[in-house]
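Next comes upload-v2.txt, a file with compact mmCIF, N, CA and C atoms.
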# COMPACT_ATOMS: atom_id res chain seq x y z
N MET A 1 31.12 1.00 -23.72
CA MET A 1 29.93 1.69 -23.24
C MET A 1 28.91 1.74 -24.37
N ARG A 2 27.66 1.53 -24.01
CA ARG A 2 26.59 1.55 -24.99
C ARG A 2 26.27 2.96 -25.43
N GLU A 3 25.78 3.07 -26.65
CA GLU A 3 25.40 4.38 -27.16
C GLU A 3 24.03 4.81 -26.66
N TYR A 4 23.07 3.85 -26.61
CA TYR A 4 21.72 4.18 -26.19
C TYR A 4 21.10 3.04 -25.38
N TYR A 5 20.11 3.42 -24.55
CA TYR A 5 19.30 2.47 -23.79
C TYR A 5 17.85 2.73 -24.16
N SER A 6 17.07 1.68 -24.21
CA SER A 6 15.64 1.84 -24.49
C SER A 6 14.92 2.17 -23.19
N ILE A 7 13.71 2.69 -23.33
CA ILE A 7 12.90 3.02 -22.15
C ILE A 7 12.61 1.74 -21.36
N THR A 8 12.40 0.64 -22.06
CA THR A 8 12.12 -0.64 -21.38
C THR A 8 13.32 -1.09 -20.55
N GLU A 9 14.51 -0.96 -21.11
CA GLU A 9 15.71 -1.37 -20.37
C GLU A 9 15.87 -0.56 -19.08
N LEU A 10 15.64 0.74 -19.17
CA LEU A 10 15.82 1.58 -17.99
C LEU A 10 14.70 1.38 -16.96
N THR A 11 13.48 1.15 -17.42
CA THR A 11 12.41 0.90 -16.45
C THR A 11 12.67 -0.39 -15.69
N ARG A 12 13.20 -1.38 -16.37
CA ARG A 12 13.53 -2.64 -15.70
C ARG A 12 14.72 -2.47 -14.76
N GLU A 13 15.75 -1.80 -15.24
CA GLU A 13 16.95 -1.62 -14.41
C GLU A 13 16.65 -0.88 -13.12
N PHE A 14 15.85 0.18 -13.20
CA PHE A 14 15.59 1.03 -12.03
C PHE A 14 14.27 0.72 -11.34
N ASP A 15 13.55 -0.24 -11.88
CA ASP A 15 12.26 -0.65 -11.31
C ASP A 15 11.31 0.55 -11.17
N ILE A 16 11.18 1.28 -12.28
CA ILE A 16 10.28 2.43 -12.34
C ILE A 16 9.40 2.28 -13.58
N SER A 17 8.36 3.07 -13.65
CA SER A 17 7.44 2.99 -14.79
C SER A 17 7.88 3.90 -15.93
N THR A 18 7.34 3.62 -17.10
CA THR A 18 7.61 4.50 -18.24
C THR A 18 7.05 5.89 -17.95
N ARG A 19 5.94 5.93 -17.24
CA ARG A 19 5.35 7.22 -16.86
C ARG A 19 6.32 8.03 -16.01
N THR A 20 7.05 7.37 -15.12
CA THR A 20 8.04 8.07 -14.29
C THR A 20 9.14 8.67 -15.16
N LEU A 21 9.64 7.89 -16.12
CA LEU A 21 10.69 8.42 -17.01
C LEU A 21 10.16 9.60 -17.83
N ARG A 22 8.93 9.48 -18.29
CA ARG A 22 8.35 10.60 -19.05
C ARG A 22 8.18 11.83 -18.15
N PHE A 23 7.83 11.61 -16.89
CA PHE A 23 7.71 12.71 -15.93
C PHE A 23 9.07 13.40 -15.76
N TYR A 24 10.14 12.61 -15.59
CA TYR A 24 11.47 13.19 -15.45
C TYR A 24 11.85 13.98 -16.70
N GLU A 25 11.44 13.47 -17.85
CA GLU A 25 11.68 14.19 -19.10
C GLU A 25 10.88 15.49 -19.12
N ASP A 26 9.61 15.44 -18.76
CA ASP A 26 8.76 16.64 -18.73
C ASP A 26 9.31 17.68 -17.76
N GLU A 27 9.91 17.21 -16.67
CA GLU A 27 10.48 18.10 -15.66
C GLU A 27 11.85 18.66 -16.08
N GLY A 28 12.36 18.19 -17.23
CA GLY A 28 13.65 18.68 -17.73
C GLY A 28 14.85 18.06 -17.06
N LEU A 29 14.65 16.96 -16.33
CA LEU A 29 15.77 16.31 -15.64
C LEU A 29 16.59 15.44 -16.58
N ILE A 30 15.94 14.86 -17.58
CA ILE A 30 16.64 14.06 -18.59
C ILE A 30 16.14 14.51 -19.96
N GLN A 31 16.97 14.33 -20.97
CA GLN A 31 16.60 14.72 -22.34
C GLN A 31 16.97 13.58 -23.30
N PRO A 32 16.10 12.56 -23.38
CA PRO A 32 16.42 11.48 -24.31
C PRO A 32 16.36 11.96 -25.76
N VAL A 33 17.09 11.26 -26.61
CA VAL A 33 17.07 11.52 -28.05
C VAL A 33 15.79 10.89 -28.58
N ARG A 34 15.18 11.55 -29.54
CA ARG A 34 13.96 11.00 -30.14
C ARG A 34 14.24 10.58 -31.56
N ARG A 35 13.81 9.38 -31.86
CA ARG A 35 13.82 8.87 -33.23
C ARG A 35 12.38 8.51 -33.55
N GLY A 36 11.68 9.44 -34.20
CA GLY A 36 10.25 9.26 -34.40
C GLY A 36 9.55 9.36 -33.05
N ARG A 37 8.83 8.30 -32.68
CA ARG A 37 8.14 8.29 -31.39
C ARG A 37 8.95 7.56 -30.33
N THR A 38 10.10 7.06 -30.72
CA THR A 38 10.92 6.26 -29.80
C THR A 38 11.90 7.16 -29.05
N ARG A 39 11.97 6.93 -27.74
CA ARG A 39 12.94 7.64 -26.90
C ARG A 39 14.18 6.76 -26.76
N LEU A 40 15.33 7.36 -27.00
CA LEU A 40 16.59 6.66 -26.80
C LEU A 40 17.39 7.43 -25.75
N PHE A 41 17.80 6.70 -24.73
CA PHE A 41 18.48 7.32 -23.60
C PHE A 41 19.98 7.09 -23.69
N ARG A 42 20.72 8.18 -23.55
CA ARG A 42 22.18 8.11 -23.58
C ARG A 42 22.70 7.64 -22.21
N PRO A 43 23.95 7.22 -22.17
CA PRO A 43 24.54 6.87 -20.86
C PRO A 43 24.43 8.01 -19.86
N SER A 44 24.51 9.26 -20.34
CA SER A 44 24.40 10.40 -19.42
C SER A 44 22.98 10.48 -18.82
N ASP A 45 21.96 10.13 -19.62
CA ASP A 45 20.60 10.09 -19.09
C ASP A 45 20.48 8.98 -18.04
N ARG A 46 21.08 7.85 -18.32
CA ARG A 46 21.06 6.73 -17.37
C ARG A 46 21.71 7.14 -16.05
N HIS A 47 22.83 7.86 -16.15
CA HIS A 47 23.51 8.35 -14.94
C HIS A 47 22.62 9.32 -14.17
N LEU A 48 21.95 10.22 -14.89
CA LEU A 48 21.05 11.17 -14.24
C LEU A 48 19.90 10.45 -13.55
N ILE A 49 19.36 9.42 -14.19
CA ILE A 49 18.27 8.65 -13.57
C ILE A 49 18.76 8.02 -12.27
N LYS A 50 19.99 7.52 -12.30
CA LYS A 50 20.56 6.93 -11.09
C LYS A 50 20.68 7.99 -9.99
N GLN A 51 21.10 9.19 -10.36
CA GLN A 51 21.21 10.29 -9.38
C GLN A 51 19.84 10.72 -8.87
N ILE A 52 18.86 10.76 -9.77
CA ILE A 52 17.50 11.14 -9.37
C ILE A 52 16.96 10.12 -8.37
N MET A 53 17.17 8.85 -8.66
CA MET A 53 16.67 7.79 -7.77
C MET A 53 17.36 7.87 -6.40
N ARG A 54 18.64 8.16 -6.39
CA ARG A 54 19.36 8.32 -5.12
C ARG A 54 18.80 9.51 -4.34
N GLY A 55 18.58 10.61 -5.04
CA GLY A 55 18.00 11.79 -4.39
C GLY A 55 16.62 11.50 -3.81
N LYS A 56 15.80 10.76 -4.54
CA LYS A 56 14.47 10.40 -4.04
C LYS A 56 14.58 9.52 -2.81
N ARG A 57 15.52 8.55 -2.82
CA ARG A 57 15.71 7.69 -1.65
C ARG A 57 16.12 8.49 -0.42
N LEU A 58 16.89 9.56 -0.65
CA LEU A 58 17.34 10.41 0.45
C LEU A 58 16.27 11.41 0.89
N GLY A 59 15.16 11.44 0.19
CA GLY A 59 14.05 12.30 0.59
C GLY A 59 14.03 13.66 -0.07
N PHE A 60 14.82 13.86 -1.12
CA PHE A 60 14.82 15.13 -1.81
C PHE A 60 13.62 15.25 -2.74
N SER A 61 13.10 16.44 -2.87
CA SER A 61 12.00 16.69 -3.80
C SER A 61 12.56 16.80 -5.22
N ILE A 62 11.67 16.72 -6.20
CA ILE A 62 12.09 16.87 -7.60
C ILE A 62 12.73 18.23 -7.80
N SER A 63 12.19 19.24 -7.16
CA SER A 63 12.75 20.59 -7.27
C SER A 63 14.18 20.65 -6.73
N GLU A 64 14.40 20.01 -5.58
CA GLU A 64 15.75 19.98 -5.00
C GLU A 64 16.71 19.19 -5.88
N ILE A 65 16.23 18.09 -6.43
CA ILE A 65 17.06 17.27 -7.33
C ILE A 65 17.43 18.08 -8.56
N ARG A 66 16.45 18.79 -9.12
CA ARG A 66 16.71 19.63 -10.30
C ARG A 66 17.77 20.68 -9.99
N GLU A 67 17.65 21.30 -8.83
CA GLU A 67 18.61 22.35 -8.43
C GLU A 67 20.03 21.77 -8.35
N ILE A 68 20.16 20.60 -7.77
CA ILE A 68 21.47 19.96 -7.63
C ILE A 68 22.04 19.59 -9.00
N ILE A 69 21.20 19.02 -9.85
CA ILE A 69 21.65 18.63 -11.20
C ILE A 69 22.04 19.87 -12.00
N GLN A 70 21.21 20.91 -11.92
CA GLN A 70 21.48 22.13 -12.68
C GLN A 70 22.79 22.78 -12.22
N MET A 71 23.07 22.72 -10.94
CA MET A 71 24.28 23.31 -10.42
C MET A 71 25.51 22.64 -11.03
N TYR A 72 25.41 21.34 -11.29
CA TYR A 72 26.54 20.61 -11.88
C TYR A 72 26.79 21.08 -13.31
N LYS A 73 25.71 21.41 -14.02
CA LYS A 73 25.82 21.78 -15.43
C LYS A 73 26.33 23.20 -15.63
N GLU A 74 26.14 24.06 -14.65
CA GLU A 74 26.50 25.48 -14.79
C GLU A 74 27.44 25.88 -13.65
N PRO A 75 28.10 27.03 -13.79
CA PRO A 75 28.95 27.49 -12.69
C PRO A 75 28.12 27.60 -11.42
N PRO A 76 28.61 27.26 -10.29
CA PRO A 76 29.97 26.88 -9.93
C PRO A 76 30.32 25.41 -10.17
N GLY A 77 29.56 24.70 -10.94
CA GLY A 77 29.94 23.35 -11.32
C GLY A 77 29.92 22.35 -10.19
N GLU A 78 30.84 21.39 -10.30
CA GLU A 78 30.85 20.27 -9.37
C GLU A 78 31.08 20.71 -7.93
N VAL A 79 31.97 21.68 -7.70
CA VAL A 79 32.23 22.14 -6.33
C VAL A 79 30.96 22.74 -5.73
N GLY A 80 30.27 23.55 -6.50
CA GLY A 80 29.02 24.13 -6.03
C GLY A 80 27.97 23.07 -5.78
N GLN A 81 27.92 22.08 -6.68
CA GLN A 81 26.96 20.99 -6.51
C GLN A 81 27.24 20.22 -5.23
N LEU A 82 28.50 19.93 -4.99
CA LEU A 82 28.86 19.18 -3.79
C LEU A 82 28.54 19.97 -2.52
N ASN A 83 28.84 21.26 -2.54
CA ASN A 83 28.53 22.10 -1.37
C ASN A 83 27.02 22.19 -1.14
N LEU A 84 26.26 22.32 -2.23
CA LEU A 84 24.81 22.36 -2.11
C LEU A 84 24.30 21.02 -1.58
N MET A 85 24.87 19.93 -2.07
CA MET A 85 24.46 18.61 -1.61
C MET A 85 24.72 18.46 -0.12
N LEU A 86 25.87 18.92 0.35
CA LEU A 86 26.17 18.86 1.78
C LEU A 86 25.15 19.66 2.59
N LYS A 87 24.79 20.82 2.08
CA LYS A 87 23.79 21.66 2.77
C LYS A 87 22.45 20.95 2.81
N ARG A 88 22.04 20.38 1.69
CA ARG A 88 20.74 19.68 1.63
C ARG A 88 20.74 18.44 2.53
N ILE A 89 21.85 17.73 2.57
CA ILE A 89 21.95 16.54 3.44
C ILE A 89 21.77 16.95 4.89
N GLU A 90 22.41 18.02 5.30
CA GLU A 90 22.27 18.47 6.69
C GLU A 90 20.83 18.89 6.98
N GLU A 91 20.20 19.56 6.03
CA GLU A 91 18.80 19.95 6.21
C GLU A 91 17.91 18.72 6.37
N LYS A 92 18.14 17.70 5.55
CA LYS A 92 17.36 16.45 5.65
C LYS A 92 17.62 15.77 6.98
N ARG A 93 18.88 15.74 7.41
CA ARG A 93 19.21 15.14 8.70
C ARG A 93 18.45 15.82 9.84
N GLU A 94 18.46 17.14 9.82
CA GLU A 94 17.78 17.88 10.88
C GLU A 94 16.28 17.63 10.83
N ASP A 95 15.73 17.57 9.64
CA ASP A 95 14.31 17.26 9.49
C ASP A 95 14.00 15.88 10.07
N LEU A 96 14.84 14.90 9.79
CA LEU A 96 14.63 13.56 10.33
C LEU A 96 14.82 13.52 11.84
N ARG A 97 15.78 14.29 12.35
CA ARG A 97 15.97 14.36 13.81
C ARG A 97 14.72 14.93 14.49
N GLN A 98 14.14 15.96 13.87
CA GLN A 98 12.93 16.56 14.43
C GLN A 98 11.79 15.55 14.40
N LYS A 99 11.66 14.82 13.31
CA LYS A 99 10.61 13.80 13.22
C LYS A 99 10.81 12.72 14.29
N ARG A 100 12.08 12.36 14.53
CA ARG A 100 12.36 11.37 15.56
C ARG A 100 11.96 11.90 16.94
N ARG A 101 12.27 13.18 17.21
CA ARG A 101 11.86 13.78 18.49
C ARG A 101 10.34 13.78 18.62
N ASP A 102 9.67 14.14 17.52
CA ASP A 102 8.21 14.15 17.54
C ASP A 102 7.65 12.75 17.79
N LEU A 103 8.23 11.76 17.14
CA LEU A 103 7.78 10.37 17.35
C LEU A 103 8.02 9.92 18.78
N GLU A 104 9.18 10.25 19.34
CA GLU A 104 9.49 9.87 20.72
C GLU A 104 8.51 10.52 21.69
N GLU A 105 8.18 11.78 21.44
CA GLU A 105 7.22 12.49 22.28
C GLU A 105 5.84 11.85 22.17
N THR A 106 5.42 11.51 20.98
CA THR A 106 4.12 10.87 20.78
C THR A 106 4.08 9.50 21.45
N LEU A 107 5.17 8.74 21.32
CA LEU A 107 5.23 7.43 21.99
C LEU A 107 5.14 7.58 23.51
N ALA A 108 5.80 8.58 24.06
CA ALA A 108 5.73 8.81 25.50
C ALA A 108 4.31 9.17 25.92
N GLU A 109 3.63 9.99 25.12
CA GLU A 109 2.24 10.34 25.42
C GLU A 109 1.34 9.11 25.36
N LEU A 110 1.58 8.24 24.40
CA LEU A 110 0.80 7.00 24.31
C LEU A 110 1.05 6.11 25.52
N ASP A 111 2.31 6.04 25.95
CA ASP A 111 2.64 5.25 27.14
C ASP A 111 1.88 5.78 28.36
N GLN A 112 1.85 7.12 28.50
CA GLN A 112 1.14 7.73 29.62
C GLN A 112 -0.36 7.45 29.55
N ALA A 113 -0.92 7.55 28.36
CA ALA A 113 -2.35 7.29 28.19
C ALA A 113 -2.66 5.82 28.50
N GLU A 114 -1.80 4.93 28.05
CA GLU A 114 -2.00 3.51 28.33
C GLU A 114 -1.94 3.24 29.84
N GLU A 115 -0.96 3.83 30.48
CA GLU A 115 -0.80 3.65 31.93
C GLU A 115 -2.03 4.18 32.68
N ALA A 116 -2.53 5.32 32.27
CA ALA A 116 -3.72 5.89 32.91
C ALA A 116 -4.93 4.98 32.71
N CYS A 117 -5.06 4.40 31.54
CA CYS A 117 -6.18 3.48 31.28
C CYS A 117 -6.08 2.23 32.15
N VAL A 118 -4.88 1.67 32.24
CA VAL A 118 -4.68 0.47 33.06
C VAL A 118 -4.97 0.79 34.52
N GLU A 119 -4.48 1.94 35.02
CA GLU A 119 -4.73 2.33 36.41
C GLU A 119 -6.23 2.48 36.67
N ARG A 120 -6.94 3.09 35.74
CA ARG A 120 -8.38 3.29 35.92
C ARG A 120 -9.12 1.94 35.92
N LEU A 121 -8.69 1.03 35.05
CA LEU A 121 -9.30 -0.30 35.04
C LEU A 121 -9.09 -1.02 36.37
N VAL A 122 -7.89 -0.86 36.96
CA VAL A 122 -7.62 -1.47 38.26
C VAL A 122 -8.54 -0.86 39.31
N GLU A 123 -8.69 0.48 39.26
CA GLU A 123 -9.60 1.16 40.21
C GLU A 123 -11.03 0.63 40.09
N LEU A 124 -11.40 0.28 38.86
CA LEU A 124 -12.76 -0.21 38.62
C LEU A 124 -12.88 -1.71 38.89
N GLY A 125 -11.76 -2.32 39.28
CA GLY A 125 -11.77 -3.73 39.61
C GLY A 125 -11.75 -4.66 38.41
N VAL A 126 -11.35 -4.13 37.26
CA VAL A 126 -11.27 -4.94 36.05
C VAL A 126 -9.84 -5.38 35.86
N THR A 127 -9.66 -6.69 35.65
CA THR A 127 -8.29 -7.19 35.39
C THR A 127 -8.08 -7.33 33.90
N THR A 128 -6.86 -7.06 33.48
CA THR A 128 -6.54 -7.15 32.06
C THR A 128 -5.66 -8.33 31.75

As structure tokens, how would this structure be written, given the file I've shared?
Amino acid sequence: MREYYSITELTREFDISTRTLRFYEDEGLIQPVRRGRTRLFRPSDRHLIKQIMRGKRLGFSISEIREIIQMYKEPPGEVGQLNLMLKRIEEKREDLRQKRRDLEETLAELDQAEEACVERLVELGVTT
């Protein structure tokens, strides 16, 4: 296992900008070692970046990601983190289900509007 990763290596690996890594650092999500002006990232920072990216893909906010990461570091530890993660996953699922219902309702309304337009055009003797 490597001792350190450079900012360039991690930006390439995760396809993110240096600004993003600095933002995660400013938010307290990662704490790279500093040697002068150079940031050196430990394997644990790399792992956290991977977890942050996964959380973002799942739709979690930075605040939610911070809460999950912090729970791992302090009591109740991993069990608490896993339980919190399960709770957050269910919340995200329900949010997505609601969005799907909203989209289905909007699509149905569009279908009705389209049908009404076509019917009115037929009444006016216009063919489409």

Min atom-atom distance to Phe41 in chain A from the set A:Ala113, A:Arg2, A:Glu105, A:Thr20, counting all atoms listed in the file, belongs to A:Arg2

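Only residues having an atom at most 7 Å from (28.2, 19.9, -6.8) are included; using only C-alpha atoms, these are Ile68, Met71, Tyr72, Gly77, Glu78, Val79, Gly80, Gln81, Leu82, Asn83, Leu84 and Met85 of chain A.
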
Backbone DSSP call of alpha helix (DSSP H) for chain A, listed as a VMD selection string | chain A and resid 7 to 14 18 to 26 43 to 57 62 to 73 77 to 123

Best match for closeness to Phe60 in chain A among A:Lys92, A:Lys73, A:Arg42, A:Arg37, counting only N, CA and C atoms | A:Lys92

Determine the nearest neighbour of Arg46 in chain A from the options A:Glu114, A:Asp26, A:Glu9, A:Glu109, counting only C-alpha atoms.
-> A:Glu9

Identify, with DSSP run on backbone atoms, the residues in range 13-80 of chain A assigned to strand (DSSP E), and express the list as a list of chain:residue names.
->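 Taking range 13-80 of chain A and keeping strand (DSSP E) gives A:Val33, A:Arg34, A:Arg35, A:Thr38, A:Arg39, A:Leu40, A:Phe41.
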
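One distance worth recording is that between atom N of Gly125 in chain A and atom N of Ala108 in chain A, which is 25.7 Å.
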